[in-house]
Amino acid sequence: MQSTIAVKNAPTDDARIVLSARDVSAWYGGKLAISDVSLDFRRNSITALMGPSGCGKTTLLRCLNRIHEAALGARVAGEVLLDGMDIYASEVSPVMTRRQIGMVFQRPNPFPTMSILDNVLTGPRYTGLARDPHELDQIAEEALRRAALFDEVKDKLRTPASSLSGGQQQRLCIARALAVQPEVLLMDEPTSALDPVSTLKIEDLMEHLASEFTVVIVTHNLQQAARVSHYAAFMLGDEHRVGRVVEYSSTEQIFTHPKESRTEDYITGRLG
Amino acid sequence: MIADVRLDKGRRARSALGLIATAFCSALAAGLLVVLLGYVIIQGWGALNPAFLTQLPRPVGVTGGGVANGIVGSLIIVGIATLMAIPVGILTGLYLAVYGRGLAAELVRFLAEVLSGLPSIAIGLFAYTILVQPFSHFSAFSAAFAFTVLMLPLMIRTSEEAIRGVPTAIREGALALGLPDYEGILHIVLPVARPLIVTGLLLAVARVTGETAPLLFTAFGSQFWEINPGNPMAELSLQIFTYAISPYDDWHRQAWGGALILILAVLVLNVGARLALSRGSRKR
Amino acid sequence: MRLDEAAAPAARRTLSVRERIADRMFRFVLLAATLLFVAIVLGLFAELVHGSWESITTFGLAFVWSSQWNPVTNKFGALPFIYGTVVSSAIAIAVASVVGIAAAIFLAEFAPRFIARPLSFFIELLAAVPSVVFGLWGLFVLAPILSATVDPFFQRTLGFLPLFSGNIYGVGLLTAGLLLALMIVPTVTAITRDLILAVPNELREASIALGATRWETTMRVVVPAARVGIIGACVLALGRALGETIAATMVIGNRPAISASLFAPSYTLSSVIANEFTEATSSIYLSALLELGLLLFIVSIIVNGSARLMMWSMVRRQGRAR
């Protein structure tokens with residue numbers, strides 16, 4: 001099988017492991033959604049979680065920043081180590097965890113009653129990161145630049161966030177997540193609700209994001225995974241619709257020489 | 001034989017009759033409102049003049065005078081009631097929306113439901129026993145308390161619904177930034193829920209404006225200017241009642257005038273609530 | 001940028017002291033407000049019981065069926081007021097359910113949009129009119145009209161019945177009942193309309209497909225499907241009528257005696273409290289009035305509770321049918 005998609009080169013494998021999932025399982029109500037997932041995420045890399053819909057990739061992502069458990073009847077088992085410490089340990093506060101592991105959602109969700117500037121500064125303001133208005137302005141500008149949005153909005157920072165286009169709103173959400181200065185940025189299908197032009201803009205900025213943060217992205221778009229990520233994990237639901245990791249290695253490896261036949265089927269379009 | 005697909009006359013007649021009868025009933029109900037409003041406007045218009053709106057009532061049997069103290073009293077009593085109902089109502093609604101799972105929360109909702117169906121005079125009795133009897137003194141404050149109790153169920157229910165109605169995406173957005181609960185609720189959820197909460201507030205105010213029964217033995221009414229809530233105070237709907245059941249024609253005329261003012265106030269509040277509702281939903 | 005990684009993780013695992021305190025205070029304030037609300041509701045019941053205690057222990061259960069109401073001899077009984085409340089409310093719900101349901105049927109099923117909208121709006125506006133304004137209109141408009149036209153008509157045609165015998169005063173049970181009916185029609189109509197609209201279209205289509213007219217479909221299929229909820233709506237409206245004070249007081253005549261005629265003046269539980277509370281001179285008088293308030297409270301809970309149960313079971317039934 002010859003894939004016609006361009007494949008990205010992975011950073012060296014001795015880069016430090018920043019985030020690590022160990023035997024993570026998660027339930028919705030009584031139903032098991034994912035089981036025994038173990039993955040390592042290296043510093044300054046972009047890891048894609050791929051798979052057909054229902055395979056549990058979003059569930060896994062939401063376990064990484066402890067947002068899964070916020071839903072009614074949801075439960076998580078296993079460990080997630082951030083810099084060596086388990087974020088699910090009893091003395092660790094989920095609120096603090098989320099300041100170090102940020103998230104961007106599938107549909108842009110800017111806060112509708114706030115201006116662009118206030119949206120970006122929500123995190124720093126209300127988590128006590130900075131108080132001085134001058135400092136806050138700097139944080140906002142930096143975050144907006146990292147999200148490749150500053151030039152487009154610098155003259156209308158105080159206008160409502162809802163006046164932006166879809167692609168701009170998503171970049172605003174990225175800026176908002178970055179303003180809290182997390183270590184890891186989780187992105188749940190960040191471009192699936194956007195037009196192709198906005199999609200490409202965001203894919204472009206991911207490269208720059210990786211130089212400062214560690215990124216984990218859920219995507220159902222194979223081309224995107226191949227274009228953007230250094231590592232890729234392929235997940236699939238078993239016969240009981242419980243999601244598991246089938247294969248995990250560098251993107252180049254997965255797309256050119258997948259070890260599992262199921263991975264190959266998915267990549268060549270026979271599956272999902 | 002060609003099948004006769006026409007409806008037989010009896011069925012047609014009955015169906016037509018049914019249509020007419022139901023149409024008549026809705027016209028009747030709507031029409032009676034128009035008739036009632038018409039009477040209030042026609043009878044009340046004649047009583048409306050600057051004197052009516054700015055003067056105190058005249059002594060019994062003397063013509064002239066106005067309901068100014070009643071208007072002021074109504075504003076004060078409803079105002080105090082609103083100030084008390086806002087924190088208790090919204091905070092309880094907030095509690096139910098955020099922490100409201102399980103039996104205890106259901107019990108609270110049940111109590112709000114029960115309270116909303118109680119006759120207002122029973123609530124007036126409650127205000128009497130705890131705020132009038134112990135001090136042997138009628139007061140506007142006891143009336144305001146009764147009004148607060150009347151407003152609470154509506155405010156609790158609409159506040160809870162407003163907060164629950166904030167889209168999950170927004171709540172999760174705040175959560176994912178690592179905001180503590182109270183910051184997220186205060187700065188992100190509440191502002192989004194605000195239009196609906198304001199609507200609930202306006203509806204609650206409209207509900208108590210024009211309530212008379214509890215006032216009979218709480219505010220009690222007064223012939224004079226009064227702005228101290230610790231004293232008995234005049235109130236517009238109470239004045240209308242007193243004037244209406246009196247034997248004096250001039251007081252009857254003034255009752256209609258007062259009724260016109262009252263209905264206008266209630267209509268404005270209701271329309272205001274509808275406007276707040278539509279503006280709030282447009283923003284989303 | 002994470003430069004100092006060794007120290008950073010440990011320091012940022014738990015919330016700062018300030019945040020923990022604020023979080024706790026927030027929960028506390030919410031809980032306090034809720035408990036205050038609960039205290040108010042429970043306190044209301046407790047105070048009514050406490051205030052009625054003297055009357056309860058003095059007259060016992062006989063209070064409910066004694067028709068004496070004598071402030072001079074301090075002998076009190078609730079029967080005349082129970083009678084007045086029940087009869088006026090019965091008239092009210094009888095008229096309001098027929099008119100209200102019929103109006104709802106028209107608005108939900110037959111009226112075109114440009115008619116249904118304003119009509120619904122007007123009927124809902126009826127619910128916003130203050131009670132004292134209804135009373136005013138009832139006293140000066142409805143009562144005279146009834147005593148001039150409708151009442152004599154009933155007396156001429158049905159005067160052999162005790163219901164329509166006796167003197168016509170204008171104010172009385174019938175007038176009060178009709179006024180109350182007007183006041184509770186919006187409740188019946190609004191809820192019934194929503195219930196009818198909520199009946200799934202498949203039922204209508206099936207009936208039409210079998211050759212029924214729209215009227216027949218509505219009456220034989222749609223309305224029966226919403227039957228339980230509609231009854232609940234009527235019971236809810238009944239609850240409103242039972243508790244209505246000011247409008248009833250102004251047109252019922254305020255006479256604590258039981259009479260068979262609908263034209264006779266009467267008295268409701270809430271009216272007597274409204275009229276006599278500030279004149280209650282003895283503590284037993286006051287206590288008796290408070291006991292009437294307690295009766296109202298209990299009746300209202302039972303009636304409203306049943307109404308909610310009915311409407312709740314209706315929602316359950318619709319959910320199961322899907």
# chains A, B, ... in the order shown; residues from 1 in each chain; ligands from 1
>>> closest_atom_pairs(of="chain C", to="chain B", cutoff="6 Å", atoms="only C-alpha atoms", output="JSON lines")
{"residue": "C:Leu30", "atom": "CA", "partner": "B:Leu91", "partner_atom": "CA", "distance": 5.4}
{"residue": "C:Ala33", "atom": "CA", "partner": "B:Val88", "partner_atom": "CA", "distance": 5.2}
{"residue": "C:Thr34", "atom": "CA", "partner": "B:Thr92", "partner_atom": "CA", "distance": 4.7}
{"residue": "C:Leu44", "atom": "CA", "partner": "B:Phe126", "partner_atom": "CA", "distance": 5.6}
{"residue": "C:Val99", "atom": "CA", "partner": "B:Cys25", "partner_atom": "CA", "distance": 5.3}
{"residue": "C:Ala102", "atom": "CA", "partner": "B:Thr22", "partner_atom": "CA", "distance": 4.6}
{"residue": "C:Ala103", "atom": "CA", "partner": "B:Ser26", "partner_atom": "CA", "distance": 4.1}
{"residue": "C:Phe106", "atom": "CA", "partner": "B:Thr22", "partner_atom": "CA", "distance": 5.3}
{"residue": "C:Leu119", "atom": "CA", "partner": "B:Ala30", "partner_atom": "CA", "distance": 5.9}
{"residue": "C:Phe122", "atom": "CA", "partner": "B:Ala30", "partner_atom": "CA", "distance": 5.3}
{"residue": "C:Ile123", "atom": "CA", "partner": "B:Ala30", "partner_atom": "CA", "distance": 5.1}
{"residue": "C:Pro130", "atom": "CA", "partner": "B:Gly210", "partner_atom": "CA", "distance": 5.0}
{"residue": "C:Val133", "atom": "CA", "partner": "B:Ala259", "partner_atom": "CA", "distance": 5.8}
{"residue": "C:Trp215", "atom": "CA", "partner": "B:Ser15", "partner_atom": "CA", "distance": 5.2}
{"residue": "C:Gly243", "atom": "CA", "partner": "B:Pro119", "partner_atom": "CA", "distance": 4.5}
{"residue": "C:Gly293", "atom": "CA", "partner": "B:Ala122", "partner_atom": "CA", "distance": 5.6}
>>> interface_residues(of="chain B", to="chain A", cutoff="6 Å", atoms="only C-alpha atoms", output="VMD selection string")
chain B and resid 176 to 179
>>> residues_around(residues="Gln224 in chain A", least_positions_apart="4", cutoff="12 Å", atoms="only C-alpha atoms", output="list in words")
Ile5, Ala6, Val7, Lys8, Ile46, Thr47, Ala48, Leu49, Met50, Glu189, Pro190, Thr191, Ser192, Pro196, Thr199, Leu200, Ile202, Glu203, Asp204, Met206, Ile217, Val218, Thr219, His220, Val228, Ser229, His230, Ala232 and Thr251 of chain A
>>> select_by_dssp(residues="range 90-299 of chain C", states="helix (DSSP H, G or I)", output="JSON, numbers by chain")
{"C": [90, 91, 92, 93, 94, 95, 96, 97, 98, 99, 100, 101, 102, 103, 104, 105, 106, 107, 108, 109, 110, 113, 114, 115, 116, 117, 118, 119, 120, 121, 122, 123, 124, 125, 126, 131, 132, 133, 134, 135, 136, 137, 138, 139, 140, 141, 142, 143, 144, 145, 146, 147, 148, 149, 150, 151, 152, 153, 154, 155, 156, 157, 158, 162, 163, 164, 173, 174, 175, 176, 177, 178, 179, 180, 181, 182, 183, 184, 185, 186, 187, 188, 189, 190, 191, 192, 193, 194, 195, 196, 197, 198, 201, 202, 203, 204, 205, 206, 207, 208, 209, 214, 215, 216, 217, 218, 219, 220, 221, 222, 223, 224, 225, 227, 228, 229, 230, 231, 232, 233, 234, 235, 236, 237, 238, 239, 240, 241, 242, 243, 246, 247, 248, 249, 250, 251, 269, 270, 271, 272, 273, 274, 275, 276, 277, 278, 279, 283, 284, 285, 286, 287, 288, 289, 290, 291, 292, 293, 294, 295, 296, 297, 298, 299]}
>>> atom_distance(atom1="CA of Leu179 in chain C", atom2="CA of Ala248 in chain C")
7.8 Å
>>> decode(residues="range 153-302 of chain C", atoms="C-alpha atoms", output="PDB file, in the first residue's frame")
ATOM      1  CA  PHE C 153     -83.882  34.884  33.711  1.00  0.00           C
ATOM      2  CA  PHE C 154     -82.766  31.935  35.807  1.00  0.00           C
ATOM      3  CA  GLN C 155     -85.368  32.714  38.409  1.00  0.00           C
ATOM      4  CA  ARG C 156     -88.139  32.844  35.834  1.00  0.00           C
ATOM      5  CA  THR C 157     -87.165  29.605  34.165  1.00  0.00           C
ATOM      6  CA  LEU C 158     -85.638  27.539  36.931  1.00  0.00           C
ATOM      7  CA  GLY C 159     -87.017  29.325  39.976  1.00  0.00           C
ATOM      8  CA  PHE C 160     -88.730  26.170  41.259  1.00  0.00           C
ATOM      9  CA  LEU C 161     -85.266  24.863  42.138  1.00  0.00           C
ATOM     10  CA  PRO C 162     -83.985  26.028  45.545  1.00  0.00           C
ATOM     11  CA  LEU C 163     -80.801  26.985  43.710  1.00  0.00           C
ATOM     12  CA  PHE C 164     -82.471  29.843  41.947  1.00  0.00           C
ATOM     13  CA  SER C 165     -84.985  30.929  44.516  1.00  0.00           C
ATOM     14  CA  GLY C 166     -84.796  33.809  46.896  1.00  0.00           C
ATOM     15  CA  ASN C 167     -83.912  37.456  46.606  1.00  0.00           C
ATOM     16  CA  ILE C 168     -81.514  38.742  44.035  1.00  0.00           C
ATOM     17  CA  TYR C 169     -78.929  41.098  45.438  1.00  0.00           C
ATOM     18  CA  GLY C 170     -76.390  41.218  42.647  1.00  0.00           C
ATOM     19  CA  VAL C 171     -73.627  40.092  44.936  1.00  0.00           C
ATOM     20  CA  GLY C 172     -73.707  36.473  45.927  1.00  0.00           C
ATOM     21  CA  LEU C 173     -72.483  32.983  45.183  1.00  0.00           C
ATOM     22  CA  LEU C 174     -73.319  32.980  41.497  1.00  0.00           C
ATOM     23  CA  THR C 175     -71.674  36.327  40.801  1.00  0.00           C
ATOM     24  CA  ALA C 176     -68.592  35.294  42.741  1.00  0.00           C
ATOM     25  CA  GLY C 177     -68.475  31.982  40.943  1.00  0.00           C
ATOM     26  CA  LEU C 178     -68.667  33.603  37.535  1.00  0.00           C
ATOM     27  CA  LEU C 179     -66.053  36.220  38.390  1.00  0.00           C
ATOM     28  CA  LEU C 180     -63.718  33.529  39.680  1.00  0.00           C
ATOM     29  CA  ALA C 181     -64.330  31.600  36.483  1.00  0.00           C
ATOM     30  CA  LEU C 182     -63.088  34.544  34.450  1.00  0.00           C
ATOM     31  CA  MET C 183     -60.022  34.771  36.641  1.00  0.00           C
ATOM     32  CA  ILE C 184     -59.020  31.134  36.301  1.00  0.00           C
ATOM     33  CA  VAL C 185     -59.821  30.609  32.615  1.00  0.00           C
ATOM     34  CA  PRO C 186     -56.286  31.646  31.545  1.00  0.00           C
ATOM     35  CA  THR C 187     -54.799  28.890  33.678  1.00  0.00           C
ATOM     36  CA  VAL C 188     -56.999  26.251  32.106  1.00  0.00           C
ATOM     37  CA  THR C 189     -56.516  27.549  28.584  1.00  0.00           C
ATOM     38  CA  ALA C 190     -52.754  28.054  28.703  1.00  0.00           C
ATOM     39  CA  ILE C 191     -51.949  24.626  30.120  1.00  0.00           C
ATOM     40  CA  THR C 192     -54.524  22.785  28.016  1.00  0.00           C
ATOM     41  CA  ARG C 193     -53.257  24.489  24.889  1.00  0.00           C
ATOM     42  CA  ASP C 194     -49.713  23.365  25.582  1.00  0.00           C
ATOM     43  CA  LEU C 195     -50.871  19.839  26.334  1.00  0.00           C
ATOM     44  CA  ILE C 196     -52.835  19.622  23.100  1.00  0.00           C
ATOM     45  CA  LEU C 197     -49.946  20.970  21.068  1.00  0.00           C
ATOM     46  CA  ALA C 198     -47.728  18.338  22.641  1.00  0.00           C
ATOM     47  CA  VAL C 199     -49.838  15.431  21.406  1.00  0.00           C
ATOM     48  CA  PRO C 200     -47.770  13.755  18.676  1.00  0.00           C
ATOM     49  CA  ASN C 201     -48.846  14.372  15.114  1.00  0.00           C
ATOM     50  CA  GLU C 202     -48.856  10.688  14.277  1.00  0.00           C
ATOM     51  CA  LEU C 203     -52.081  10.315  16.205  1.00  0.00           C
ATOM     52  CA  ARG C 204     -53.760  13.057  14.223  1.00  0.00           C
ATOM     53  CA  GLU C 205     -52.535  11.720  10.926  1.00  0.00           C
ATOM     54  CA  ALA C 206     -53.718   8.225  11.730  1.00  0.00           C
ATOM     55  CA  SER C 207     -57.182   9.479  12.539  1.00  0.00           C
ATOM     56  CA  ILE C 208     -57.427  11.640   9.430  1.00  0.00           C
ATOM     57  CA  ALA C 209     -56.249   8.733   7.353  1.00  0.00           C
ATOM     58  CA  LEU C 210     -59.192   6.741   8.641  1.00  0.00           C
ATOM     59  CA  GLY C 211     -61.584   9.342   7.311  1.00  0.00           C
ATOM     60  CA  ALA C 212     -62.366  11.369  10.392  1.00  0.00           C
ATOM     61  CA  THR C 213     -62.944  15.110  10.151  1.00  0.00           C
ATOM     62  CA  ARG C 214     -60.584  17.458  11.970  1.00  0.00           C
ATOM     63  CA  TRP C 215     -63.180  18.099  14.618  1.00  0.00           C
ATOM     64  CA  GLU C 216     -63.729  14.384  15.165  1.00  0.00           C
ATOM     65  CA  THR C 217     -59.988  13.824  15.288  1.00  0.00           C
ATOM     66  CA  THR C 218     -59.586  16.512  17.885  1.00  0.00           C
ATOM     67  CA  MET C 219     -62.425  15.364  20.094  1.00  0.00           C
ATOM     68  CA  ARG C 220     -61.964  11.623  19.770  1.00  0.00           C
ATOM     69  CA  VAL C 221     -58.193  11.276  19.550  1.00  0.00           C
ATOM     70  CA  VAL C 222     -56.203  14.363  20.468  1.00  0.00           C
ATOM     71  CA  VAL C 223     -58.057  15.655  23.507  1.00  0.00           C
ATOM     72  CA  PRO C 224     -58.491  12.208  25.075  1.00  0.00           C
ATOM     73  CA  ALA C 225     -54.744  11.685  24.670  1.00  0.00           C
ATOM     74  CA  ALA C 226     -54.150  14.730  26.826  1.00  0.00           C
ATOM     75  CA  ARG C 227     -57.038  13.973  29.129  1.00  0.00           C
ATOM     76  CA  VAL C 228     -55.123  13.378  32.341  1.00  0.00           C
ATOM     77  CA  GLY C 229     -53.110  16.547  31.995  1.00  0.00           C
ATOM     78  CA  ILE C 230     -56.176  18.592  31.169  1.00  0.00           C
ATOM     79  CA  ILE C 231     -57.875  17.379  34.305  1.00  0.00           C
ATOM     80  CA  GLY C 232     -54.725  18.329  36.153  1.00  0.00           C
ATOM     81  CA  ALA C 233     -54.912  21.804  34.681  1.00  0.00           C
ATOM     82  CA  CYS C 234     -58.489  22.152  35.845  1.00  0.00           C
ATOM     83  CA  VAL C 235     -57.562  20.998  39.321  1.00  0.00           C
ATOM     84  CA  LEU C 236     -54.766  23.537  39.382  1.00  0.00           C
ATOM     85  CA  ALA C 237     -57.200  26.249  38.347  1.00  0.00           C
ATOM     86  CA  LEU C 238     -59.554  25.063  41.070  1.00  0.00           C
ATOM     87  CA  GLY C 239     -56.721  25.572  43.530  1.00  0.00           C
ATOM     88  CA  ARG C 240     -56.426  29.177  42.398  1.00  0.00           C
ATOM     89  CA  ALA C 241     -60.144  29.735  42.808  1.00  0.00           C
ATOM     90  CA  LEU C 242     -60.132  28.278  46.298  1.00  0.00           C
ATOM     91  CA  GLY C 243     -57.449  30.663  47.457  1.00  0.00           C
ATOM     92  CA  GLU C 244     -58.702  33.789  45.715  1.00  0.00           C
ATOM     93  CA  THR C 245     -59.431  36.441  48.306  1.00  0.00           C
ATOM     94  CA  ILE C 246     -59.957  40.012  47.237  1.00  0.00           C
ATOM     95  CA  ALA C 247     -62.092  39.596  44.152  1.00  0.00           C
ATOM     96  CA  ALA C 248     -64.284  37.087  45.976  1.00  0.00           C
ATOM     97  CA  THR C 249     -64.629  39.382  48.980  1.00  0.00           C
ATOM     98  CA  MET C 250     -65.869  42.194  46.838  1.00  0.00           C
ATOM     99  CA  VAL C 251     -68.686  40.287  45.192  1.00  0.00           C
ATOM    100  CA  ILE C 252     -69.740  37.548  47.529  1.00  0.00           C
ATOM    101  CA  GLY C 253     -71.790  39.566  49.952  1.00  0.00           C
ATOM    102  CA  ASN C 254     -69.969  38.632  53.115  1.00  0.00           C
ATOM    103  CA  ARG C 255     -72.726  36.909  55.031  1.00  0.00           C
ATOM    104  CA  PRO C 256     -71.729  33.937  57.175  1.00  0.00           C
ATOM    105  CA  ALA C 257     -74.797  31.824  56.575  1.00  0.00           C
ATOM    106  CA  ILE C 258     -75.560  28.812  54.475  1.00  0.00           C
ATOM    107  CA  SER C 259     -78.371  29.171  52.031  1.00  0.00           C
ATOM    108  CA  ALA C 260     -79.453  26.957  49.178  1.00  0.00           C
ATOM    109  CA  SER C 261     -79.878  29.786  46.715  1.00  0.00           C
ATOM    110  CA  LEU C 262     -77.082  30.775  44.435  1.00  0.00           C
ATOM    111  CA  PHE C 263     -78.268  34.330  44.552  1.00  0.00           C
ATOM    112  CA  ALA C 264     -77.735  34.562  48.293  1.00  0.00           C
ATOM    113  CA  PRO C 265     -74.772  36.373  49.742  1.00  0.00           C
ATOM    114  CA  SER C 266     -72.193  34.065  51.198  1.00  0.00           C
ATOM    115  CA  TYR C 267     -68.684  34.038  52.602  1.00  0.00           C
ATOM    116  CA  THR C 268     -65.478  32.283  51.666  1.00  0.00           C
ATOM    117  CA  LEU C 269     -62.662  31.142  53.958  1.00  0.00           C
ATOM    118  CA  SER C 270     -60.301  33.760  52.618  1.00  0.00           C
ATOM    119  CA  SER C 271     -62.910  36.532  52.618  1.00  0.00           C
ATOM    120  CA  VAL C 272     -63.740  36.221  56.257  1.00  0.00           C
ATOM    121  CA  ILE C 273     -60.075  36.361  57.149  1.00  0.00           C
ATOM    122  CA  ALA C 274     -59.654  39.426  54.975  1.00  0.00           C
ATOM    123  CA  ASN C 275     -62.650  41.213  56.437  1.00  0.00           C
ATOM    124  CA  GLU C 276     -62.467  40.366  60.075  1.00  0.00           C
ATOM    125  CA  PHE C 277     -58.825  39.874  60.895  1.00  0.00           C
ATOM    126  CA  THR C 278     -58.101  43.434  61.914  1.00  0.00           C
ATOM    127  CA  GLU C 279     -61.231  43.486  64.006  1.00  0.00           C
ATOM    128  CA  ALA C 280     -60.548  40.300  65.924  1.00  0.00           C
ATOM    129  CA  THR C 281     -60.755  41.437  69.492  1.00  0.00           C
ATOM    130  CA  SER C 282     -60.166  38.278  71.460  1.00  0.00           C
ATOM    131  CA  SER C 283     -57.381  35.794  71.123  1.00  0.00           C
ATOM    132  CA  ILE C 284     -59.806  32.976  70.427  1.00  0.00           C
ATOM    133  CA  TYR C 285     -61.309  35.027  67.596  1.00  0.00           C
ATOM    134  CA  LEU C 286     -57.870  35.557  66.132  1.00  0.00           C
ATOM    135  CA  SER C 287     -57.025  31.919  66.606  1.00  0.00           C
ATOM    136  CA  ALA C 288     -60.187  30.822  64.851  1.00  0.00           C
ATOM    137  CA  LEU C 289     -59.337  33.020  61.886  1.00  0.00           C
ATOM    138  CA  LEU C 290     -55.842  31.599  61.824  1.00  0.00           C
ATOM    139  CA  GLU C 291     -57.308  28.121  61.856  1.00  0.00           C
ATOM    140  CA  LEU C 292     -59.308  29.056  58.782  1.00  0.00           C
ATOM    141  CA  GLY C 293     -56.005  30.094  57.246  1.00  0.00           C
ATOM    142  CA  LEU C 294     -54.555  26.722  58.180  1.00  0.00           C
ATOM    143  CA  LEU C 295     -57.515  25.013  56.537  1.00  0.00           C
ATOM    144  CA  LEU C 296     -56.883  27.013  53.396  1.00  0.00           C
ATOM    145  CA  PHE C 297     -53.238  26.039  53.524  1.00  0.00           C
ATOM    146  CA  ILE C 298     -53.995  22.336  53.819  1.00  0.00           C
ATOM    147  CA  VAL C 299     -56.687  22.376  51.145  1.00  0.00           C
ATOM    148  CA  SER C 300     -54.391  24.248  48.799  1.00  0.00           C
ATOM    149  CA  ILE C 301     -51.588  21.721  49.260  1.00  0.00           C
ATOM    150  CA  ILE C 302     -53.893  18.791  48.617  1.00  0.00           C
TER     151      ILE C 302
END
